[in-house]
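Coordinates from run37.cif are shown below (mmCIF, C-alpha atoms).
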data_upload
#
loop_
_atom_site.label_atom_id
_atom_site.label_comp_id
_atom_site.auth_asym_id
_atom_site.auth_seq_id
_atom_site.Cartn_x
_atom_site.Cartn_y
_atom_site.Cartn_z
CA MET N 1 86.78 101.77 118.01
CA THR N 2 84.42 104.50 116.99
CA ALA N 3 83.74 104.96 113.29
CA ALA N 4 85.89 108.08 113.08
CA ALA N 5 89.00 106.21 114.14
CA ALA N 6 88.30 102.75 112.79
CA VAL N 7 89.80 103.15 109.32
CA ALA N 8 92.96 104.97 110.33
CA ALA N 9 93.89 103.13 113.48
CA VAL N 10 91.87 99.96 113.93
CA PRO N 11 90.41 98.36 110.80
CA ALA N 12 88.59 96.00 113.15
CA CYS N 13 85.43 95.95 111.12
CA SER N 14 85.73 99.17 109.21
CA PRO N 15 84.98 98.95 105.51
CA ALA N 16 87.75 97.71 103.27
CA PRO N 17 88.36 99.79 100.13
CA ALA N 18 85.57 99.43 97.63
CA ASP N 19 85.95 96.92 94.84
CA SER N 20 84.15 96.58 91.53
CA ARG N 21 81.64 93.96 92.59
CA SER N 22 77.94 94.65 92.98
CA GLY N 23 74.63 92.86 93.17
CA SER N 24 73.84 89.23 93.91
CA ARG N 25 75.97 86.62 92.21
CA SER N 26 76.00 82.88 92.05
CA ASP N 27 79.07 82.33 89.95
CA SER N 28 81.14 79.17 90.34
CA ARG N 29 84.70 80.42 90.34
CA SER N 30 87.34 77.93 91.36
CA GLY N 31 89.97 79.26 93.76
CA SER N 32 93.56 78.12 93.54
CA ALA N 33 94.99 76.11 96.43
CA SER N 34 98.01 73.95 97.01
CA ALA N 35 96.58 72.11 99.98
CA THR N 36 95.32 68.59 100.22
CA ALA N 37 92.57 67.47 102.57
CA PRO N 38 93.94 66.67 106.06
CA ALA N 39 93.27 63.50 107.97
CA ALA N 40 89.84 62.95 109.48
CA PRO N 41 89.23 62.09 113.15
CA GLY N 42 90.04 58.49 114.07
CA ALA N 43 87.61 55.82 115.18
CA THR N 44 87.77 57.05 118.78
CA GLY N 45 86.46 60.47 117.75
CA LYS N 46 89.72 62.15 118.80
CA PRO N 47 91.80 64.08 116.26
CA SER N 48 94.11 61.83 114.26
CA GLY N 49 96.90 63.48 112.31
CA PRO N 50 96.99 67.11 111.15
CA ARG N 51 93.76 69.09 111.28
CA PRO N 52 92.70 71.96 108.98
CA LEU N 53 93.15 75.61 109.88
CA TYR N 54 91.64 78.41 107.78
CA LEU N 55 92.91 81.97 108.05
CA GLY N 56 91.12 85.22 107.28
CA THR N 57 92.84 88.39 106.10
CA TYR N 58 92.36 91.66 104.22
CA THR N 59 93.41 91.27 100.60
CA SER N 60 93.09 95.04 100.07
CA ALA N 61 95.33 96.01 103.00
CA GLU N 62 99.01 96.80 102.61
CA GLY N 63 100.91 93.61 103.34
CA GLY N 64 97.68 91.63 103.40
CA GLY N 65 97.05 88.17 102.05
CA THR N 66 95.82 87.06 98.64
CA GLY N 67 92.84 85.06 99.87
CA ILE N 68 91.85 82.57 102.56
CA GLY N 69 94.98 81.11 104.12
CA LEU N 70 95.20 77.31 104.23
CA ALA N 71 97.13 75.52 106.95
CA VAL N 72 97.09 72.46 109.17
CA TYR N 73 97.84 72.12 112.86
CA ASP N 74 98.99 69.26 115.03
CA PRO N 75 96.27 68.75 117.68
CA ALA N 76 98.85 67.41 120.16
CA THR N 77 101.59 70.01 119.81
CA GLY N 78 99.71 72.96 118.30
CA ALA N 79 102.34 73.36 115.58
CA VAL N 80 100.97 75.04 112.43
CA THR N 81 102.13 74.31 108.88
CA GLY N 82 101.10 76.37 105.86
CA ARG N 83 99.35 74.74 102.92
CA GLY N 84 98.84 77.60 100.47
CA THR N 85 96.03 80.04 99.76
CA LEU N 86 92.51 79.86 98.37
CA THR N 87 92.22 82.83 96.03
CA GLY N 88 89.07 84.33 94.56
CA VAL N 89 87.60 85.80 97.77
CA ALA N 90 88.21 89.49 98.47
CA ASP N 91 88.84 90.65 102.05
CA PRO N 92 87.76 87.41 103.78
CA SER N 93 88.04 88.91 107.26
CA TYR N 94 85.73 86.47 109.05
CA LEU N 95 85.09 82.77 108.49
CA ALA N 96 82.56 80.18 109.67
CA VAL N 97 81.88 76.54 108.90
CA HIS N 98 78.60 74.71 108.28
CA PRO N 99 77.54 72.36 111.13
CA ASP N 100 78.14 69.36 108.86
CA GLY N 101 81.74 70.48 108.31
CA ARG N 102 81.51 70.38 104.50
CA THR N 103 81.25 74.08 103.61
CA LEU N 104 83.25 77.16 104.62
CA TYR N 105 81.70 80.63 104.53
CA ALA N 106 83.58 83.93 104.31
CA VAL N 107 82.58 87.55 104.38
CA ASP N 108 83.80 89.77 101.56
CA GLU N 109 84.33 92.91 103.66
CA GLY N 110 84.09 95.52 100.93
CA GLN N 111 81.87 98.49 100.20
CA ASP N 112 79.73 96.13 98.12
CA GLY N 113 79.52 93.53 100.86
CA ALA N 114 79.14 89.86 100.03
CA VAL N 115 79.35 86.36 101.46
CA THR N 116 81.01 83.40 99.74
CA ALA N 117 80.59 79.63 100.12
CA VAL N 118 83.51 77.22 99.62
CA ARG N 119 83.14 73.43 99.37
CA LEU N 120 85.91 72.02 101.55
CA ALA N 121 86.26 68.63 99.87
CA ASP N 122 87.86 70.18 96.79
CA ARG N 123 88.16 73.85 97.84
CA ARG N 124 85.74 74.90 95.10
CA ILE N 125 83.99 78.27 95.40
CA LEU N 126 80.27 77.55 95.18
CA GLY N 127 79.22 81.14 94.64
CA THR N 128 79.00 84.61 96.14
CA ARG N 129 75.94 86.59 97.21
CA SER N 130 75.47 90.26 98.07
CA THR N 131 74.73 91.07 101.71
CA GLY N 132 72.89 94.21 100.66
CA GLY N 133 75.20 96.36 102.76
CA ALA N 134 78.74 97.60 103.27
CA GLY N 135 81.57 96.15 105.32
CA PRO N 136 80.20 92.78 106.44
CA CYS N 137 82.49 91.75 109.30
CA HIS N 138 80.84 88.72 110.92
CA LEU N 139 78.77 85.72 109.90
CA SER N 140 77.39 82.58 111.51
CA VAL N 141 75.39 79.56 110.44
CA HIS N 142 72.04 78.93 112.10
CA PRO N 143 72.01 75.59 113.99
CA THR N 144 69.56 74.15 111.47
CA GLY N 145 72.26 74.53 108.82
CA ARG N 146 69.71 76.14 106.50
CA TRP N 147 70.47 79.86 107.00
CA LEU N 148 73.57 82.04 106.92
CA LEU N 149 73.44 85.20 109.04
CA SER N 150 75.79 88.13 108.40
CA ALA N 151 76.39 91.54 109.97
CA ASN N 152 77.07 94.58 107.77
CA TYR N 153 79.21 96.80 109.99
CA THR N 154 79.33 99.99 107.94
CA SER N 155 75.66 99.84 106.96
CA GLY N 156 74.44 98.73 110.37
CA SER N 157 72.29 95.89 109.05
CA VAL N 158 71.82 92.13 109.31
CA ALA N 159 71.31 89.84 106.29
CA VAL N 160 69.92 86.32 105.92
CA HIS N 161 70.73 83.89 103.09
CA PRO N 162 69.34 80.39 102.55
CA ILE N 163 71.75 77.44 102.37
CA ASP N 164 70.84 74.59 100.03
CA GLY N 165 71.73 70.92 100.38
CA SER N 166 75.09 71.40 98.66
CA GLY N 167 76.09 74.20 101.04
CA ALA N 168 75.67 76.89 98.38
CA LEU N 169 73.92 80.16 99.16
CA GLY N 170 70.64 81.35 97.66
CA GLU N 171 69.30 84.85 97.16
CA ARG N 172 69.01 86.94 100.32
CA THR N 173 65.71 86.42 102.15
CA ASP N 174 65.94 89.37 104.53
CA LEU N 175 67.90 92.52 105.30
CA VAL N 176 67.17 94.34 108.56
CA ALA N 177 68.61 97.84 108.93
CA HIS N 178 69.23 99.03 112.47
CA SER N 179 68.11 102.46 113.62
CA GLY N 180 68.46 104.56 116.79
CA PRO N 181 69.32 105.42 119.41
CA PRO N 182 70.49 108.61 117.70
CA PRO N 183 74.22 109.30 117.39
CA GLY N 184 75.85 110.88 120.44
CA PRO N 185 79.11 110.67 122.38
CA GLY N 186 80.66 107.36 121.39
CA ARG N 187 77.75 106.55 119.08
CA PRO N 188 78.59 106.82 115.36
CA GLY N 189 75.22 105.43 114.29
CA PRO N 190 74.30 101.80 113.50
CA ARG N 191 77.32 99.49 113.24
CA ALA N 192 76.31 95.83 113.29
CA HIS N 193 79.33 93.94 114.57
CA GLN N 194 78.10 90.39 115.20
CA VAL N 195 75.08 88.17 114.63
CA VAL N 196 74.70 84.90 116.53
CA THR N 197 71.99 82.38 117.44
CA SER N 198 71.11 81.59 121.06
CA PRO N 199 72.10 78.09 122.26
CA ASP N 200 68.51 76.82 122.12
CA GLY N 201 68.15 78.07 118.54
CA GLY N 202 65.13 80.16 119.48
CA HIS N 203 66.48 83.64 118.79
CA VAL N 204 69.07 85.53 116.76
CA LEU N 205 71.00 88.30 118.50
CA ALA N 206 72.77 91.17 116.75
CA VAL N 207 75.43 93.23 118.56
CA ASP N 208 75.50 96.85 117.38
CA LEU N 209 78.60 98.81 118.42
CA GLY N 210 77.38 102.15 117.08
CA THR N 211 74.06 102.27 118.94
CA ASP N 212 75.14 100.57 122.19
CA THR N 213 72.52 97.87 121.76
CA VAL N 214 72.07 94.14 121.41
CA ARG N 215 68.94 93.36 119.40
CA THR N 216 67.03 90.10 119.62
CA TYR N 217 65.18 88.67 116.62
CA ARG N 218 63.09 85.62 115.97
CA LEU N 219 64.01 83.85 112.73
CA ASP N 220 61.22 82.24 110.75
CA THR N 221 63.00 79.05 109.68
CA ARG N 222 60.50 78.54 106.84
CA THR N 223 60.89 81.92 105.15
CA GLY N 224 64.23 83.24 106.43
CA ARG N 225 62.65 86.43 107.74
CA LEU N 226 63.65 88.18 110.98
CA THR N 227 61.22 89.74 113.45
CA GLU N 228 62.60 91.98 116.17
CA VAL N 229 61.41 91.08 119.67
CA SER N 230 63.55 93.16 122.06
CA TRP N 231 66.51 95.50 122.58
CA ALA N 232 69.10 95.55 125.33
CA HIS N 233 71.05 98.75 126.02
CA THR N 234 74.58 99.03 127.34
CA ARG N 235 75.67 102.16 129.12
CA PRO N 236 76.25 105.04 126.66
CA GLY N 237 79.52 104.80 124.77
CA ALA N 238 80.29 101.21 125.73
CA GLY N 239 80.56 100.10 122.12
CA PRO N 240 79.49 96.43 122.37
CA ARG N 241 81.42 94.24 119.95
CA HIS N 242 81.10 90.52 120.69
CA LEU N 243 78.70 88.31 122.65
CA THR N 244 79.16 84.69 123.65
CA PHE N 245 76.83 82.40 125.59
CA HIS N 246 77.45 80.21 128.58
CA PRO N 247 76.72 76.57 127.63
CA ASP N 248 73.55 76.44 129.74
CA GLY N 249 72.06 79.31 127.74
CA ARG N 250 70.97 81.41 130.74
CA TYR N 251 73.91 83.81 130.71
CA ALA N 252 76.02 85.53 128.07
CA TYR N 253 79.18 87.64 128.17
CA LEU N 254 79.61 90.88 126.27
CA ALA N 255 82.90 92.48 125.23
CA ASN N 256 82.61 96.28 124.98
CA GLU N 257 85.21 97.64 122.59
CA VAL N 258 84.98 101.37 123.18
CA ASP N 259 84.93 101.62 127.00
CA ASN N 260 87.28 98.63 127.53
CA THR N 261 84.95 96.50 129.67
CA VAL N 262 83.14 93.17 129.77
CA ALA N 263 79.66 92.54 131.14
CA VAL N 264 77.71 89.50 132.31
CA CYS N 265 74.25 89.35 130.75
CA ALA N 266 71.22 87.42 131.93
CA TYR N 267 69.32 85.76 129.08
CA ASP N 268 65.72 84.55 129.10
CA PRO N 269 65.34 81.80 126.45
CA PRO N 270 61.52 81.90 126.12
CA THR N 271 61.40 85.63 125.33
CA GLY N 272 64.92 86.24 124.02
CA ARG N 273 65.30 89.15 126.41
CA LEU N 274 68.88 90.05 127.35
CA THR N 275 69.66 92.03 130.51
CA ILE N 276 73.13 93.57 130.54
CA GLY N 277 74.96 93.74 133.89
CA GLU N 278 77.56 96.11 135.26
CA PRO N 279 80.87 96.65 133.39
CA ARG N 280 83.86 94.64 134.61
CA SER N 281 87.63 94.83 134.13
CA THR N 282 89.41 93.42 131.10
CA GLY N 283 92.65 93.12 133.06
CA ALA N 284 94.30 95.64 130.75
CA GLY N 285 94.99 98.28 133.40
CA GLY N 286 94.84 101.94 132.50
CA GLY N 287 96.40 101.77 129.05
CA THR N 288 94.65 102.00 125.69
CA ASN N 289 92.86 98.76 124.97
CA TYR N 290 90.07 97.55 122.70
CA PRO N 291 88.51 94.22 123.75
CA ALA N 292 87.76 92.06 120.76
CA GLN N 293 86.32 88.59 121.22
CA ILE N 294 85.28 86.60 124.28
CA LEU N 295 84.98 82.79 124.50
CA VAL N 296 83.70 80.32 127.08
CA THR N 297 84.96 76.76 127.47
CA ALA N 298 82.55 73.96 126.62
CA ASP N 299 82.29 72.96 130.29
CA GLY N 300 81.39 76.54 131.23
CA ARG N 301 84.22 76.91 133.77
CA PHE N 302 86.46 79.52 132.13
CA ALA N 303 86.21 82.49 129.78
CA TYR N 304 88.90 84.21 127.70
CA LEU N 305 88.99 87.74 126.29
CA ALA N 306 91.25 89.05 123.53
CA ASN N 307 92.72 92.44 124.48
CA ARG N 308 93.92 94.55 121.55
CA GLY N 309 96.38 97.18 122.77
CA HIS N 310 97.29 95.39 125.99
CA ASN N 311 98.03 92.46 123.67
CA SER N 312 96.93 89.84 126.13
CA LEU N 313 94.36 87.15 126.75
CA ALA N 314 92.40 87.75 129.92
CA ARG N 315 91.34 84.60 131.79
CA TYR N 316 88.20 84.47 133.93
CA ALA N 317 86.70 81.91 136.27
CA VAL N 318 83.00 81.53 135.49
CA GLU N 319 81.27 81.56 138.88
CA ALA N 320 77.80 81.18 140.41
CA GLY N 321 76.55 78.97 137.61
CA GLY N 322 77.51 81.57 135.00
CA ALA N 323 76.28 84.69 136.78
CA ARG N 324 79.75 86.07 137.58
CA LEU N 325 83.17 86.41 135.98
CA GLY N 326 86.21 86.41 138.26
CA LEU N 327 89.35 87.78 136.64
CA LEU N 328 92.23 85.33 137.16
CA GLY N 329 94.90 87.22 135.24
CA THR N 330 96.23 87.86 131.75
CA THR N 331 98.62 86.01 129.44
CA PRO N 332 100.75 87.86 126.83
CA VAL N 333 99.50 86.93 123.38
CA ALA N 334 102.98 87.00 121.81
CA GLY N 335 101.66 89.17 119.00
CA ASP N 336 100.21 92.58 118.23
CA PHE N 337 96.47 93.33 118.24
CA PRO N 338 94.66 89.99 118.81
CA ARG N 339 91.61 90.52 116.66
CA GLN N 340 89.92 87.11 117.07
CA ILE N 341 90.30 83.94 119.15
CA ALA N 342 89.00 80.40 118.68
CA PHE N 343 89.19 77.00 120.37
CA SER N 344 90.10 73.83 118.56
CA PRO N 345 87.06 71.51 118.42
CA ASP N 346 88.29 69.49 121.41
CA GLY N 347 88.99 72.66 123.41
CA ALA N 348 92.61 71.68 124.04
CA LEU N 349 94.08 74.56 122.01
CA LEU N 350 93.29 78.27 121.73
CA PHE N 351 94.22 80.20 118.57
CA ALA N 352 94.67 83.99 118.49
CA ALA N 353 94.81 85.92 115.19
CA ASN N 354 97.08 88.95 115.68
CA GLN N 355 96.22 91.55 113.07
CA LYS N 356 99.09 94.02 113.28
CA SER N 357 101.92 91.51 113.72
CA GLY N 358 100.52 89.18 111.05
CA THR N 359 100.78 86.12 113.25
CA VAL N 360 98.65 83.39 114.79
CA SER N 361 99.53 82.41 118.36
CA VAL N 362 98.55 78.97 119.66
CA PHE N 363 98.14 78.03 123.32
CA HIS N 364 97.56 74.79 125.20
CA VAL N 365 94.54 75.11 127.50
CA ASP N 366 94.82 73.50 130.95
CA ARG N 367 91.38 72.03 131.57
CA ALA N 368 91.76 72.08 135.36
CA SER N 369 92.98 75.63 135.88
CA GLY N 370 92.22 77.30 132.55
CA ALA N 371 95.85 78.40 132.31
CA LEU N 372 97.32 79.04 128.87
CA ARG N 373 100.73 77.74 127.78
CA PRO N 374 102.30 78.83 124.45
CA ALA N 375 102.54 76.05 121.86
CA GLY N 376 105.79 77.17 120.24
CA GLU N 377 106.46 80.27 118.17
CA PRO N 378 103.55 82.13 116.50
CA TYR N 379 102.77 81.22 112.90
CA ALA N 380 103.26 83.99 110.31
CA SER N 381 100.09 84.87 108.37
CA PRO N 382 99.60 88.19 106.52
CA VAL N 383 97.27 90.60 108.38
CA ALA N 384 95.83 87.74 110.41
CA VAL N 385 92.30 88.72 111.43
CA CYS N 386 90.62 85.32 111.80
CA ALA N 387 91.77 81.79 112.62
CA LEU N 388 89.29 78.93 112.22
CA PRO N 389 90.58 75.52 113.39
CA LEU N 390 88.50 72.47 112.46
#
Just give me the structure as structure tokens.
Amino acid sequence: MTAAAAVAAVPACSPAPADSRSGSRSDSRSGSASATAPAAPGATGKPSGPRPLYLGTYTSAEGGGTGIGLAVYDPATGAVTGRGTLTGVADPSYLAVHPDGRTLYAVDEGQDGAVTAVRLADRRILGTRSTGGAGPCHLSVHPTGRWLLSANYTSGSVAVHPIDGSGALGERTDLVAHSGPPPGPGRPGPRAHQVVTSPDGGHVLAVDLGTDTVRTYRLDTRTGRLTEVSWAHTRPGAGPRHLTFHPDGRYAYLANEVDNTVAVCAYDPPTGRLTIGEPRSTGAGGGTNYPAQILVTADGRFAYLANRGHNSLARYAVEAGGARLGLLGTTPVAGDFPRQIAFSPDGALLFAANQKSGTVSVFHVDRASGALRPAGEPYASPVAVCALPL
């Protein structure tokens, strides 16, 4: 949503109420948790026994959680079982895991934005660092495993932190503030909503809802500094929110929150240039709807879009080698306001975090048709805004 409405109606990535934290910190607080480490994959590489599920929330919201939710899921049935809460992280609305699987990272989506590292072996908080901005709502780990990238929504900026061998975060190495195009209809000013690395690792792309742009940067993997190389513009007022790449790296798919559309984008790996195509239907009809996150299956055959308002998951056939999306239909999400979606590592399950109903819905994914089948009743989780299955 636009900035004017985000706080009152859709706290999608609007700033959480300010807390008392400020500056860069590297404290070693230990969060409380009642969970034990779940079973590891078996010798065949397939999941064996319950797998971990981490849940993001707003601790400052009415009815919100008290920290990062801990749960496990059955990879065969999709059934979710709670395992307590990791406290000590404020407003952990988005989560990501290090490529080696040993460290969890969370945004602290407050006015004094921060990012926190958690060692998964013993659920120990390794420290918290300032993002240098307000309302960080998304983060991702660079494929090298050496850099954490975060997007400050309210400030419209992107931050970079180094990751040491233990998974802990160092002092911020860069902070890039977005500017222009100037505010206009549907443009509240810079609102960085996502930051992600291209599949080949060559470029970092930042999606800015408030300026209708996707900006491409080159990351210096020695210094942690970003250099802007290009901009891509959506149509005015589209409000781009989330970008995901096709596995071959030549195409990407963009969910536009404000004008309720999706777009296929052509991507040029050598230059990092993104070309945004024509807007397409979300399958939500004429009602009020705010697309949230879009995913593509590992084999590149299907894509799924979370529709907030229509409360559905749109299913697309990926056609022409990635150059087209064909809408196949929608599946009710069995919850209210699906903020974020994620696949299990094997792609057999899809998890949807439903913010307003405080639930996580789980679906079996049919690999042949892409169809979704509910895996039992949704799991209750306070103000569920992120589900991260490992």
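Of the residues listed (N:Ser140, N:Thr275, N:Ser361, N:Ser198), N:Ser361 shows the shortest atom-to-atom separation from Arg373 of chain N; distances use only C-alpha atoms.
Selection by the PyMOL selection byres ((chain N and resi 332) around 10) on the present file picks out Asn307, His310, Asn311, Ser312, Leu313, Ala314, Thr330, Thr331, Val333, Ala334, Gly335, Asp336, Leu372 and Pro374 of chain N.
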Residue subset to file, keeping C-alpha atoms, as a PDB file, in the frame of the given file:
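So part.pdb came out as:
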ATOM      1  CA  ASN N 307      92.720  92.440 124.480  1.00  0.00           C
ATOM      2  CA  HIS N 310      97.290  95.390 125.990  1.00  0.00           C
ATOM      3  CA  ASN N 311      98.030  92.460 123.670  1.00  0.00           C
ATOM      4  CA  SER N 312      96.930  89.840 126.130  1.00  0.00           C
ATOM      5  CA  LEU N 313      94.360  87.150 126.750  1.00  0.00           C
ATOM      6  CA  ALA N 314      92.400  87.750 129.920  1.00  0.00           C
ATOM      7  CA  THR N 330      96.230  87.860 131.750  1.00  0.00           C
ATOM      8  CA  THR N 331      98.620  86.010 129.440  1.00  0.00           C
ATOM      9  CA  VAL N 333      99.500  86.930 123.380  1.00  0.00           C
ATOM     10  CA  ALA N 334     102.980  87.000 121.810  1.00  0.00           C
ATOM     11  CA  GLY N 335     101.660  89.170 119.000  1.00  0.00           C
ATOM     12  CA  ASP N 336     100.210  92.580 118.230  1.00  0.00           C
ATOM     13  CA  LEU N 372      97.320  79.040 128.870  1.00  0.00           C
ATOM     14  CA  PRO N 374     102.300  78.830 124.450  1.00  0.00           C
TER      15      PRO N 374
END
Ground truth for the PyMOL selection byres ((chain N and resi 133) around 9), written as number ranges by chain: N: 111-114, 130-132, 134-136, 151-159, 175
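Nearest to Phe245 of chain N of all the residues N:Val207, N:Gly286, N:Val296, N:Asp200 is N:Val296, counting only C-alpha atoms.
When the PyMOL selection byres ((chain N and resi 234-238) around 8) is evaluated against the file, it yields Pro185, Gly186, Arg187, Leu209, Asp212, Thr213, Ala232, His233, Gly239, Pro240, Asn256, Glu257, Val258, Asp259, Asn260, Thr261 and Ile276 of chain N.
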Sphere at (76.8, 88.0, 125.1), radius 9 Å, counting only C-alpha atoms: residues as number ranges by chain: N: 205, 207, 214, 242-246, 251-255, 263-267, 274, 276, 294
Selected residue, from N:Asn289, N:Ser381, N:Thr271, N:Thr216, that lies nearest to Thr66 of chain N when counting all atoms listed in the file: N:Ser381
